[in-house]
>>> print(open('coords_31.txt').read())   # compact mmCIF, C-alpha atoms
# COMPACT_ATOMS: atom_id res chain seq x y z
CA MET A 1 19.54 8.19 -18.78
CA ASN A 2 18.10 11.43 -17.48
CA ALA A 3 16.27 11.05 -14.19
CA GLU A 4 14.32 14.26 -14.69
CA LYS A 5 12.64 13.07 -17.85
CA ILE A 6 11.25 9.71 -16.74
CA PRO A 7 7.57 10.03 -15.78
CA ASP A 8 6.77 9.06 -12.22
CA ILE A 9 4.20 6.53 -13.40
CA ILE A 10 6.98 4.54 -15.09
CA ILE A 11 9.18 4.72 -12.01
CA GLY A 12 6.24 3.29 -10.08
CA ARG A 13 6.17 0.19 -12.27
CA LEU A 14 9.90 -0.57 -12.08
CA PRO A 15 9.81 -2.04 -8.55
CA VAL A 16 7.07 -4.41 -9.73
CA TYR A 17 9.23 -5.54 -12.65
CA LEU A 18 12.20 -5.90 -10.32
CA ARG A 19 10.20 -8.04 -7.91
CA ALA A 20 9.05 -10.39 -10.69
CA ILE A 21 12.54 -10.62 -12.19
CA GLN A 22 14.08 -11.34 -8.80
CA ARG A 23 11.60 -14.16 -8.41
CA MET A 24 12.56 -15.57 -11.80
CA ALA A 25 16.25 -15.34 -10.86
CA ASP A 26 15.52 -17.13 -7.55
CA ASN A 27 13.88 -19.88 -9.60
CA GLY A 28 16.99 -20.28 -11.74
CA ILE A 29 15.56 -18.70 -14.88
CA LYS A 30 18.20 -17.02 -17.07
CA THR A 31 16.28 -15.07 -19.72
CA THR A 32 12.81 -13.66 -20.14
CA SER A 33 10.71 -11.74 -22.67
CA SER A 34 8.47 -8.71 -22.30
CA GLN A 35 5.61 -11.12 -23.05
CA GLU A 36 6.49 -13.48 -20.21
CA LEU A 37 7.24 -10.68 -17.76
CA GLY A 38 3.94 -9.08 -18.73
CA GLU A 39 2.05 -12.25 -17.87
CA HIS A 40 3.71 -12.30 -14.45
CA VAL A 41 2.92 -8.70 -13.55
CA GLY A 42 -0.33 -8.15 -15.46
CA ILE A 43 1.03 -5.38 -17.69
CA SER A 44 1.13 -5.49 -21.51
CA ALA A 45 4.36 -6.55 -23.24
CA ALA A 46 4.32 -3.32 -25.27
CA GLN A 47 4.11 -1.21 -22.11
CA ILE A 48 6.98 -3.14 -20.53
CA ARG A 49 9.20 -2.70 -23.60
CA LYS A 50 8.40 1.00 -23.67
CA ASP A 51 9.08 1.45 -19.95
CA ILE A 52 12.37 -0.42 -20.01
CA SER A 53 13.58 1.29 -23.19
CA GLN A 54 13.51 4.62 -21.32
CA PHE A 55 16.70 3.52 -19.63
CA GLY A 56 18.59 2.29 -22.68
CA GLU A 57 18.86 -0.92 -24.64
CA PHE A 58 18.36 -3.93 -22.41
CA GLY A 59 17.49 -6.77 -24.71
CA LYS A 60 18.31 -7.96 -28.18
CA GLN A 61 15.48 -8.35 -30.67
CA GLY A 62 14.35 -11.95 -30.60
CA THR A 63 16.55 -13.20 -27.77
CA GLY A 64 14.78 -11.48 -24.89
CA TYR A 65 16.25 -10.00 -21.75
CA SER A 66 19.05 -11.45 -19.67
CA ILE A 67 17.60 -11.81 -16.16
CA SER A 68 20.86 -11.11 -14.37
CA TYR A 69 21.59 -8.04 -16.48
CA LEU A 70 18.05 -6.68 -16.06
CA LEU A 71 18.25 -7.37 -12.33
CA ASP A 72 21.48 -5.42 -11.99
CA LYS A 73 20.27 -2.52 -14.12
CA LEU A 74 16.90 -2.19 -12.37
CA LYS A 75 18.59 -2.26 -8.97
CA GLU A 76 21.01 0.39 -10.14
CA ILE A 77 18.25 2.61 -11.56
CA LEU A 78 16.16 2.30 -8.39
CA LYS A 79 19.32 2.70 -6.27
CA VAL A 80 18.72 -0.51 -4.40
CA ASP A 81 22.10 -1.88 -5.44
CA ARG A 82 22.99 -0.73 -1.91
CA LYS A 83 21.25 -1.07 1.47
CA TRP A 84 19.26 1.86 2.85
CA ASP A 85 18.92 2.41 6.57
CA VAL A 86 15.32 3.08 7.59
CA ALA A 87 13.92 4.50 10.83
CA LEU A 88 10.57 3.19 12.04
CA VAL A 89 8.37 5.49 14.11
CA GLY A 90 5.48 3.96 16.04
CA ALA A 91 5.81 0.64 17.85
CA GLY A 92 2.17 -0.44 17.77
CA ASP A 93 0.84 -3.58 16.10
CA MET A 94 1.84 -2.42 12.61
CA GLY A 95 5.24 -1.22 13.80
CA HIS A 96 5.86 -4.62 15.37
CA ALA A 97 4.84 -6.42 12.18
CA LEU A 98 7.18 -4.26 10.08
CA ALA A 99 10.06 -4.58 12.56
CA ARG A 100 9.79 -8.36 12.28
CA TYR A 101 9.16 -8.47 8.52
CA GLN A 102 11.84 -10.47 6.73
CA GLY A 103 11.16 -9.03 3.28
CA PHE A 104 13.16 -5.81 3.45
CA THR A 105 16.81 -6.82 3.56
CA ASN A 106 16.95 -8.63 0.23
CA ARG A 107 15.24 -5.67 -1.45
CA GLY A 108 17.57 -2.89 -0.36
CA PHE A 109 16.37 -1.85 3.08
CA GLN A 110 17.04 -2.44 6.73
CA ILE A 111 15.24 -0.98 9.69
CA VAL A 112 17.95 0.27 12.05
CA MET A 113 16.04 2.15 14.74
CA ILE A 114 12.53 2.17 16.17
CA PHE A 115 10.94 5.03 18.08
CA ASP A 116 7.80 5.45 20.16
CA ASN A 117 6.58 8.23 22.43
CA SER A 118 5.02 5.88 25.00
CA LYS A 119 7.14 5.61 28.14
CA ASP A 120 5.79 2.08 28.58
CA LYS A 121 7.25 1.00 25.25
CA VAL A 122 10.59 2.80 25.36
CA GLY A 123 13.29 0.30 26.32
CA GLN A 124 11.21 -2.72 25.33
CA LYS A 125 12.54 -5.13 22.74
CA ILE A 126 11.16 -6.18 19.37
CA ASP A 127 13.41 -9.08 18.41
CA ASN A 128 16.86 -7.46 18.31
CA PHE A 129 15.61 -3.87 18.39
CA THR A 130 15.25 -1.76 21.50
CA ILE A 131 12.45 0.80 21.19
CA GLU A 132 13.87 4.29 21.63
CA ASP A 133 12.29 7.47 22.94
CA SER A 134 10.79 9.70 20.22
CA GLU A 135 12.29 12.69 21.98
CA LYS A 136 15.71 11.57 20.81
CA MET A 137 14.49 10.83 17.28
CA VAL A 138 15.63 14.00 15.48
CA GLU A 139 19.10 13.86 16.98
CA ARG A 140 19.51 10.13 16.39
CA ILE A 141 18.34 10.20 12.77
CA LYS A 142 20.39 13.28 11.98
CA SER A 143 23.61 11.93 13.42
CA ALA A 144 23.12 8.57 11.66
CA GLY A 145 22.39 10.34 8.35
CA ILE A 146 19.20 8.33 7.79
CA LYS A 147 17.17 9.44 4.76
CA MET A 148 14.17 7.07 4.93
CA ALA A 149 11.47 6.45 7.51
CA MET A 150 8.30 4.42 7.99
CA LEU A 151 5.53 6.08 9.93
CA THR A 152 3.12 3.86 11.89
CA VAL A 153 1.79 6.35 14.43
CA PRO A 154 -1.91 7.23 14.88
CA ALA A 155 -3.30 9.70 12.31
CA PRO A 156 -3.54 12.70 14.67
CA ALA A 157 0.20 12.44 15.43
CA ALA A 158 1.41 11.77 11.89
CA GLN A 159 1.92 15.33 10.60
CA SER A 160 3.94 16.50 13.58
CA VAL A 161 6.14 13.39 13.47
CA ALA A 162 6.61 13.89 9.71
CA ASP A 163 7.69 17.49 10.35
CA LYS A 164 10.32 16.24 12.79
CA LEU A 165 11.51 13.57 10.36
CA VAL A 166 11.97 16.22 7.67
CA GLN A 167 13.82 18.40 10.16
CA ALA A 168 16.09 15.42 10.90
CA GLY A 169 16.99 15.11 7.21
CA VAL A 170 14.61 12.33 6.13
CA ARG A 171 13.75 12.61 2.43
CA ALA A 172 11.43 9.63 1.92
CA ILE A 173 8.53 8.63 4.17
CA LEU A 174 6.39 5.53 3.90
CA ASN A 175 3.26 6.62 5.72
CA TYR A 176 0.92 4.03 7.25
CA ALA A 177 -1.19 6.64 9.07
CA PRO A 178 -4.49 7.20 7.22
CA ILE A 179 -3.90 10.89 6.54
CA SER A 180 -2.26 12.92 3.78
CA LEU A 181 0.99 14.59 4.86
CA ASN A 182 2.23 18.04 3.93
CA VAL A 183 5.98 17.93 3.27
CA PRO A 184 8.43 20.10 1.30
CA ASN A 185 8.88 19.39 -2.41
CA ASN A 186 12.20 17.66 -1.88
CA VAL A 187 10.62 15.00 0.35
CA LYS A 188 8.81 11.98 -1.12
CA VAL A 189 5.86 10.32 0.58
CA GLN A 190 4.24 7.02 -0.25
CA TYR A 191 1.03 5.89 1.39
CA ILE A 192 -0.14 2.53 2.65
CA ASP A 193 -3.73 2.59 3.84
CA PRO A 194 -5.59 -0.71 3.49
CA ALA A 195 -9.06 0.88 3.76
CA THR A 196 -8.25 3.14 0.79
CA HIS A 197 -7.23 0.08 -1.24
CA LEU A 198 -10.38 -1.80 -0.23
CA GLN A 199 -12.57 1.19 -1.16
CA ARG A 200 -10.93 1.32 -4.54
CA MET A 201 -12.24 -2.21 -5.17
CA THR A 202 -15.77 -1.96 -3.75
CA TYR A 203 -16.62 0.51 -6.51
CA TYR A 204 -16.41 -2.39 -8.95
CA LEU A 205 -18.34 -4.93 -6.89
CA MET B 1 -23.41 8.18 -13.65
CA ASN B 2 -22.03 5.38 -15.77
CA ALA B 3 -19.59 3.15 -13.93
CA GLU B 4 -18.07 1.83 -17.15
CA LYS B 5 -16.94 5.21 -18.33
CA ILE B 6 -15.04 6.47 -15.28
CA PRO B 7 -11.30 5.86 -15.66
CA ASP B 8 -9.75 3.68 -12.98
CA ILE B 9 -7.23 6.39 -12.12
CA ILE B 10 -10.07 8.66 -11.00
CA ILE B 11 -11.66 5.87 -8.95
CA GLY B 12 -8.28 5.50 -7.27
CA ARG B 13 -8.34 9.09 -6.05
CA LEU B 14 -11.88 9.03 -4.66
CA PRO B 15 -11.00 7.10 -1.47
CA VAL B 16 -8.31 9.72 -0.77
CA TYR B 17 -10.86 12.51 -1.15
CA LEU B 18 -13.30 10.60 1.02
CA ARG B 19 -10.69 10.15 3.74
CA ALA B 20 -9.87 13.88 3.80
CA ILE B 21 -13.54 14.88 3.75
CA GLN B 22 -14.35 12.45 6.57
CA ARG B 23 -11.59 14.07 8.60
CA MET B 24 -13.04 17.53 7.94
CA ALA B 25 -16.48 16.29 8.98
CA ASP B 26 -15.00 14.80 12.18
CA ASN B 27 -13.51 18.23 12.88
CA GLY B 28 -16.92 19.88 12.55
CA ILE B 29 -16.24 21.57 9.22
CA LYS B 30 -19.40 22.08 7.10
CA THR B 31 -18.18 23.19 3.67
CA THR B 32 -14.98 22.99 1.65
CA SER B 33 -13.59 24.07 -1.71
CA SER B 34 -11.62 22.18 -4.32
CA GLN B 35 -8.75 24.50 -3.37
CA GLU B 36 -8.85 23.56 0.31
CA LEU B 37 -9.39 19.87 -0.37
CA GLY B 38 -6.49 20.00 -2.82
CA GLU B 39 -4.17 21.35 -0.15
CA HIS B 40 -5.15 18.51 2.17
CA VAL B 41 -4.56 15.73 -0.33
CA GLY B 42 -1.78 17.24 -2.48
CA ILE B 43 -3.80 17.22 -5.71
CA SER B 44 -4.60 20.32 -7.79
CA ALA B 45 -7.97 22.02 -7.35
CA ALA B 46 -8.61 21.73 -11.09
CA GLN B 47 -8.03 17.97 -10.99
CA ILE B 48 -10.36 17.58 -8.03
CA ARG B 49 -13.13 19.57 -9.72
CA LYS B 50 -12.72 17.48 -12.86
CA ASP B 51 -12.73 14.18 -10.94
CA ILE B 52 -15.78 15.03 -8.90
CA SER B 53 -17.73 16.44 -11.84
CA GLN B 54 -17.61 12.95 -13.43
CA PHE B 55 -20.31 11.96 -11.00
CA GLY B 56 -22.63 14.95 -11.40
CA GLU B 57 -22.93 18.42 -9.94
CA PHE B 58 -21.74 18.48 -6.35
CA GLY B 59 -21.05 22.11 -5.56
CA LYS B 60 -22.38 25.50 -6.45
CA GLN B 61 -20.06 27.99 -8.11
CA GLY B 62 -18.59 30.18 -5.40
CA THR B 63 -20.11 28.45 -2.39
CA GLY B 64 -18.00 25.30 -2.42
CA TYR B 65 -19.01 21.76 -1.55
CA SER B 66 -21.24 20.73 1.33
CA ILE B 67 -19.11 18.28 3.37
CA SER B 68 -22.04 16.12 4.45
CA TYR B 69 -23.42 15.91 0.92
CA LEU B 70 -20.02 15.09 -0.57
CA LEU B 71 -19.45 12.51 2.16
CA ASP B 72 -22.75 10.77 1.41
CA LYS B 73 -22.21 10.85 -2.35
CA LEU B 74 -18.64 9.56 -2.24
CA LYS B 75 -19.64 6.74 0.10
CA GLU B 76 -22.49 5.86 -2.24
CA ILE B 77 -20.25 5.92 -5.33
CA LEU B 78 -17.60 3.78 -3.66
CA LYS B 79 -20.34 1.56 -2.17
CA VAL B 80 -19.09 2.04 1.36
CA ASP B 81 -22.46 3.37 2.48
CA ARG B 82 -22.78 -0.20 3.74
CA LYS B 83 -20.43 -2.55 5.64
CA TRP B 84 -18.50 -5.21 3.73
CA ASP B 85 -17.51 -8.47 5.38
CA VAL B 86 -13.85 -9.34 4.78
CA ALA B 87 -12.02 -12.64 5.24
CA LEU B 88 -8.39 -12.50 6.37
CA VAL B 89 -6.07 -15.32 5.32
CA GLY B 90 -2.72 -15.65 7.10
CA ALA B 91 -2.41 -15.14 10.85
CA GLY B 92 1.22 -14.09 10.99
CA ASP B 93 2.51 -10.75 12.29
CA MET B 94 0.78 -8.77 9.54
CA GLY B 95 -2.44 -10.74 9.91
CA HIS B 96 -2.44 -10.04 13.63
CA ALA B 97 -1.85 -6.32 13.03
CA LEU B 98 -4.75 -6.17 10.55
CA ALA B 99 -7.07 -8.21 12.75
CA ARG B 100 -6.52 -5.72 15.56
CA TYR B 101 -6.59 -2.61 13.36
CA GLN B 102 -9.35 -0.22 14.41
CA GLY B 103 -9.45 1.74 11.17
CA PHE B 104 -11.68 -0.51 9.06
CA THR B 105 -15.15 -0.34 10.62
CA ASN B 106 -15.73 3.39 10.13
CA ARG B 107 -14.65 3.11 6.51
CA GLY B 108 -17.00 0.36 5.37
CA PHE B 109 -15.26 -2.90 6.29
CA GLN B 110 -15.20 -5.52 8.99
CA ILE B 111 -13.02 -8.57 9.21
CA VAL B 112 -15.35 -11.44 10.05
CA MET B 113 -13.16 -14.54 9.77
CA ILE B 114 -9.44 -15.37 9.92
CA PHE B 115 -7.80 -18.44 8.44
CA ASP B 116 -4.39 -20.05 8.72
CA ASN B 117 -3.03 -23.42 7.59
CA SER B 118 -0.81 -23.90 10.65
CA LYS B 119 -2.27 -26.44 13.06
CA ASP B 120 -0.52 -24.54 15.87
CA LYS B 121 -2.46 -21.39 15.09
CA VAL B 122 -5.89 -22.86 14.35
CA GLY B 123 -8.12 -22.40 17.39
CA GLN B 124 -5.99 -19.59 18.84
CA LYS B 125 -7.56 -16.23 19.52
CA ILE B 126 -6.73 -12.79 18.14
CA ASP B 127 -8.83 -10.51 20.31
CA ASN B 128 -12.38 -11.72 19.59
CA PHE B 129 -11.48 -13.81 16.57
CA THR B 130 -10.74 -17.51 16.60
CA ILE B 131 -8.30 -18.53 13.88
CA GLU B 132 -9.94 -21.11 11.62
CA ASP B 133 -8.44 -23.89 9.53
CA SER B 134 -7.68 -22.92 5.92
CA GLU B 135 -9.10 -26.23 4.83
CA LYS B 136 -12.56 -24.97 5.69
CA MET B 137 -11.96 -21.61 4.02
CA VAL B 138 -13.71 -22.16 0.68
CA GLU B 139 -16.80 -23.61 2.29
CA ARG B 140 -16.98 -20.95 5.02
CA ILE B 141 -16.52 -18.01 2.65
CA LYS B 142 -18.95 -19.41 0.12
CA SER B 143 -21.70 -20.04 2.62
CA ALA B 144 -21.24 -16.61 4.19
CA GLY B 145 -21.30 -14.96 0.74
CA ILE B 146 -18.12 -13.00 1.42
CA LYS B 147 -16.80 -11.06 -1.58
CA MET B 148 -13.60 -9.49 -0.14
CA ALA B 149 -10.40 -10.92 1.35
CA MET B 150 -7.04 -9.79 2.63
CA LEU B 151 -4.12 -12.06 1.91
CA THR B 152 -1.20 -12.07 4.35
CA VAL B 153 0.34 -15.45 3.59
CA PRO B 154 3.96 -15.98 2.45
CA ALA B 155 4.61 -15.28 -1.24
CA PRO B 156 5.00 -18.94 -2.30
CA ALA B 157 1.51 -19.75 -0.98
CA ALA B 158 -0.27 -16.63 -2.27
CA GLN B 159 -1.34 -17.80 -5.74
CA SER B 160 -2.88 -21.05 -4.58
CA VAL B 161 -4.74 -19.31 -1.76
CA ALA B 162 -5.95 -16.67 -4.24
CA ASP B 163 -7.23 -19.43 -6.53
CA LYS B 164 -9.23 -20.86 -3.64
CA LEU B 165 -10.60 -17.45 -2.70
CA VAL B 166 -11.81 -16.94 -6.26
CA GLN B 167 -13.34 -20.40 -6.21
CA ALA B 168 -15.14 -19.41 -3.01
CA GLY B 169 -16.69 -16.38 -4.70
CA VAL B 170 -14.31 -13.63 -3.56
CA ARG B 171 -14.18 -10.77 -6.10
CA ALA B 172 -11.72 -8.37 -4.43
CA ILE B 173 -8.38 -9.30 -2.87
CA LEU B 174 -6.04 -7.02 -0.97
CA ASN B 175 -2.74 -8.84 -1.36
CA TYR B 176 0.09 -8.28 1.15
CA ALA B 177 2.24 -11.08 -0.28
CA PRO B 178 5.07 -9.64 -2.41
CA ILE B 179 4.01 -11.35 -5.61
CA SER B 180 1.70 -10.52 -8.53
CA LEU B 181 -1.44 -12.68 -8.63
CA ASN B 182 -3.15 -14.12 -11.67
CA VAL B 183 -6.91 -13.88 -11.27
CA PRO B 184 -9.88 -13.86 -13.65
CA ASN B 185 -10.94 -10.52 -15.17
CA ASN B 186 -13.92 -10.20 -12.88
CA VAL B 187 -11.71 -10.25 -9.75
CA LYS B 188 -9.96 -7.11 -8.54
CA VAL B 189 -6.59 -7.20 -6.78
CA GLN B 190 -4.86 -4.40 -4.93
CA TYR B 191 -1.30 -4.74 -3.67
CA ILE B 192 0.39 -3.61 -0.49
CA ASP B 193 4.12 -4.25 -0.54
CA PRO B 194 6.19 -1.83 1.55
CA ALA B 195 9.48 -2.66 -0.21
CA THR B 196 7.91 -1.72 -3.57
CA HIS B 197 6.82 1.61 -2.12
CA LEU B 198 10.27 2.23 -0.64
CA GLN B 199 11.95 1.40 -3.97
CA ARG B 200 9.70 3.86 -5.71
CA MET B 201 11.21 6.58 -3.52
CA THR B 202 14.90 5.64 -3.53
CA TYR B 203 14.99 6.43 -7.25
CA TYR B 204 14.62 10.09 -6.31
CA LEU B 205 17.13 10.15 -3.45
>>> encode(input="coords_31.txt", output="structure tokens")
Amino acid sequence: MNAEKIPDIIIGRLPVYLRAIQRMADNGIKTTSSQELGEHVGISAAQIRKDISQFGEFGKQGTGYSISYLLDKLKEILKVDRKWDVALVGAGDMGHALARYQGFTNRGFQIVMIFDNSKDKVGQKIDNFTIEDSEKMVERIKSAGIKMAMLTVPAPAAQSVADKLVQAGVRAILNYAPISLNVPNNVKVQYIDPATHLQRMTYYL
Amino acid sequence: MNAEKIPDIIIGRLPVYLRAIQRMADNGIKTTSSQELGEHVGISAAQIRKDISQFGEFGKQGTGYSISYLLDKLKEILKVDRKWDVALVGAGDMGHALARYQGFTNRGFQIVMIFDNSKDKVGQKIDNFTIEDSEKMVERIKSAGIKMAMLTVPAPAAQSVADKLVQAGVRAILNYAPISLNVPNNVKVQYIDPATHLQRMTYYL
């Protein structure tokens, strides 16, 4: 397996496979086929076989894939066979929803600190978290060695916060602010912007 | 312009261009180039020129694109030169955050009704919205002629709610539940699942 050679578009599908396979495992299913997995995720069986074969031989012809083996291997490939600490910046409505979201820990992530620049919010609690002052963000993230962050600040603030996150050593940012970020090549950004997703669908209506 | 012939991957980039161009317009900028736009969105100038040329001639060689013209055309292509009514299903933390989100109306969307199946929540207010009973969902959506919905229910409930939305006439679903949905071919689904996005980045860390 050579990380450099796998196209990003394939990497993007692996978490979707992992999610479906985890669900099968949770339902007590032991084996699956590319056909069955394809029906779950809406991707062709041929594409799934091709994607998975990039990482070696996972299944035997005719007997399908072992769910537990595939689960372990996909987690290993995506490096979520461990738990990543994540910093959350922006304690507005979306920040609150993410802080309280129960769906991270069983998928390799835990929010460990939450920052906001509003003096009214600093010191307040969201469940077990205490909102911390953004002014201490760089120092806190750096000393904790955190590599991942979620950004839920307003768009006009997003680039300057992203710059500080990069300065603090963050290498992966999930950006909820509706603006494209400029970051160095060694930093990954993923975007979540519901209006963009909605607009992608209206074209077809 | 022939909608059938434009690849979906290009359609997926248009909302990102629109977002960047809207921001330029808000900042009083009158013209832009594929080069400048590319720097904003992190896509090559050549790709942008190619994408935009699919829909006709937008710019003159050497003088760049008129922002206001491009804005109008992109909105028209994506059909957000109008306002789409959207139903929201699931009044949990994420549903609350979306109901209160200010970023939809200036991008072509307005949430007009919110449903939940919890008797405790039905009748409660989220800002100006009153949470309605899911049992009335199909009838309400059908009689209002709503074509778009956002789904923020727990994963185990998502498929059955999606089935009801389709039955009610919804043709585009933005799904926040971490599960792939099976819908008829004439229904579009987009997914927002933060853990999937995070896993797509850990691969590179």
>>> closest_atom_pairs(input="coords_31.txt", of="chain B", to="chain A", cutoff="7 Å", atoms="only C-alpha atoms", output="Markdown table")
| residue | atom | partner | partner_atom | distance |
| --- | --- | --- | --- | --- |
| B:Ile11 | CA | A:Arg200 | CA | 6.4 |
| B:Gly12 | CA | A:Arg200 | CA | 5.7 |
| B:Pro15 | CA | A:Thr196 | CA | 5.3 |
| B:Val16 | CA | A:Thr196 | CA | 6.8 |
| B:His40 | CA | A:Ser180 | CA | 6.5 |
| B:Val41 | CA | A:Ser180 | CA | 5.5 |
| B:Ile77 | CA | A:Tyr203 | CA | 6.6 |
| B:Leu78 | CA | A:Tyr203 | CA | 4.4 |
| B:Lys79 | CA | A:Tyr203 | CA | 5.8 |
| B:Asp93 | CA | A:Ala97 | CA | 4.9 |
| B:Met94 | CA | A:Ala97 | CA | 5.4 |
| B:Ala97 | CA | A:Asp93 | CA | 4.9 |
| B:Phe104 | CA | A:Ala195 | CA | 6.1 |
| B:Arg107 | CA | A:Ala195 | CA | 6.6 |
| B:Ala172 | CA | A:Met201 | CA | 6.2 |
| B:Leu174 | CA | A:Leu198 | CA | 6.8 |
| B:Ser180 | CA | A:Val41 | CA | 5.5 |
| B:Lys188 | CA | A:Met201 | CA | 6.4 |
| B:Gln190 | CA | A:His197 | CA | 6.3 |
| B:Ile192 | CA | A:Ile192 | CA | 6.9 |
| B:Ala195 | CA | A:Phe104 | CA | 6.1 |
| B:Thr196 | CA | A:Pro15 | CA | 5.3 |
| B:His197 | CA | A:Gln190 | CA | 6.3 |
| B:Leu198 | CA | A:Leu174 | CA | 6.8 |
| B:Gln199 | CA | A:Pro15 | CA | 6.1 |
| B:Arg200 | CA | A:Gly12 | CA | 5.6 |
| B:Met201 | CA | A:Ala172 | CA | 6.2 |
| B:Thr202 | CA | A:Lys79 | CA | 6.0 |
| B:Tyr203 | CA | A:Leu78 | CA | 4.4 |
>>> atom_distance(input="coords_31.txt", atom1="atom CA of B:Ile52", atom2="atom CA of B:Ile6")
10.7 Å
>>> atom_distance(input="coords_31.txt", atom1="atom CA of A:Ile111", atom2="atom CA of A:Ile146")
10.3 Å
>>> atom_distance(input="coords_31.txt", atom1="atom CA of A:Ser160", atom2="atom CA of B:Gln35")
22.6 Å
>>> closest_residue(input="coords_31.txt", among="B:Ala25, B:Met113, B:Phe55, B:Pro154", to="B:Pro7", atoms="only C-alpha atoms")
B:Phe55
>>> closest_residue(input="coords_31.txt", among="A:Ile126, A:Ser134, A:Lys73, A:Ala45", to="A:Glu57", atoms="only C-alpha atoms")
A:Lys73
>>> build_atoms(input="coords_31.txt", residues="stretch 133-144 of chain B", atoms="N, CA and C atoms", output="compact mmCIF listing (two decimals), in the coordinates of the input")
# COMPACT_ATOMS: atom_id res chain seq x y z
N ASP B 133 -9.28 -23.06 10.40
CA ASP B 133 -8.44 -23.89 9.53
C ASP B 133 -8.68 -23.52 8.06
N SER B 134 -7.59 -23.26 7.35
CA SER B 134 -7.68 -22.92 5.92
C SER B 134 -8.44 -23.97 5.11
N GLU B 135 -8.41 -25.19 5.59
CA GLU B 135 -9.10 -26.23 4.83
C GLU B 135 -10.61 -26.01 4.75
N LYS B 136 -11.12 -25.25 5.70
CA LYS B 136 -12.56 -24.97 5.69
C LYS B 136 -12.87 -23.64 5.04
N MET B 137 -11.83 -22.97 4.51
CA MET B 137 -11.96 -21.61 4.02
C MET B 137 -12.98 -21.47 2.89
N VAL B 138 -12.84 -22.30 1.86
CA VAL B 138 -13.71 -22.16 0.68
C VAL B 138 -15.18 -22.31 1.10
N GLU B 139 -15.43 -23.34 1.86
CA GLU B 139 -16.80 -23.61 2.29
C GLU B 139 -17.35 -22.47 3.15
N ARG B 140 -16.55 -22.01 4.09
CA ARG B 140 -16.98 -20.95 5.02
C ARG B 140 -17.26 -19.64 4.27
N ILE B 141 -16.36 -19.27 3.38
CA ILE B 141 -16.52 -18.01 2.65
C ILE B 141 -17.71 -18.08 1.71
N LYS B 142 -17.84 -19.23 1.06
CA LYS B 142 -18.95 -19.41 0.12
C LYS B 142 -20.29 -19.32 0.85
N SER B 143 -20.39 -20.02 1.96
CA SER B 143 -21.70 -20.04 2.62
C SER B 143 -22.02 -18.71 3.28
N ALA B 144 -20.99 -17.94 3.61
CA ALA B 144 -21.24 -16.61 4.19
C ALA B 144 -21.42 -15.55 3.10
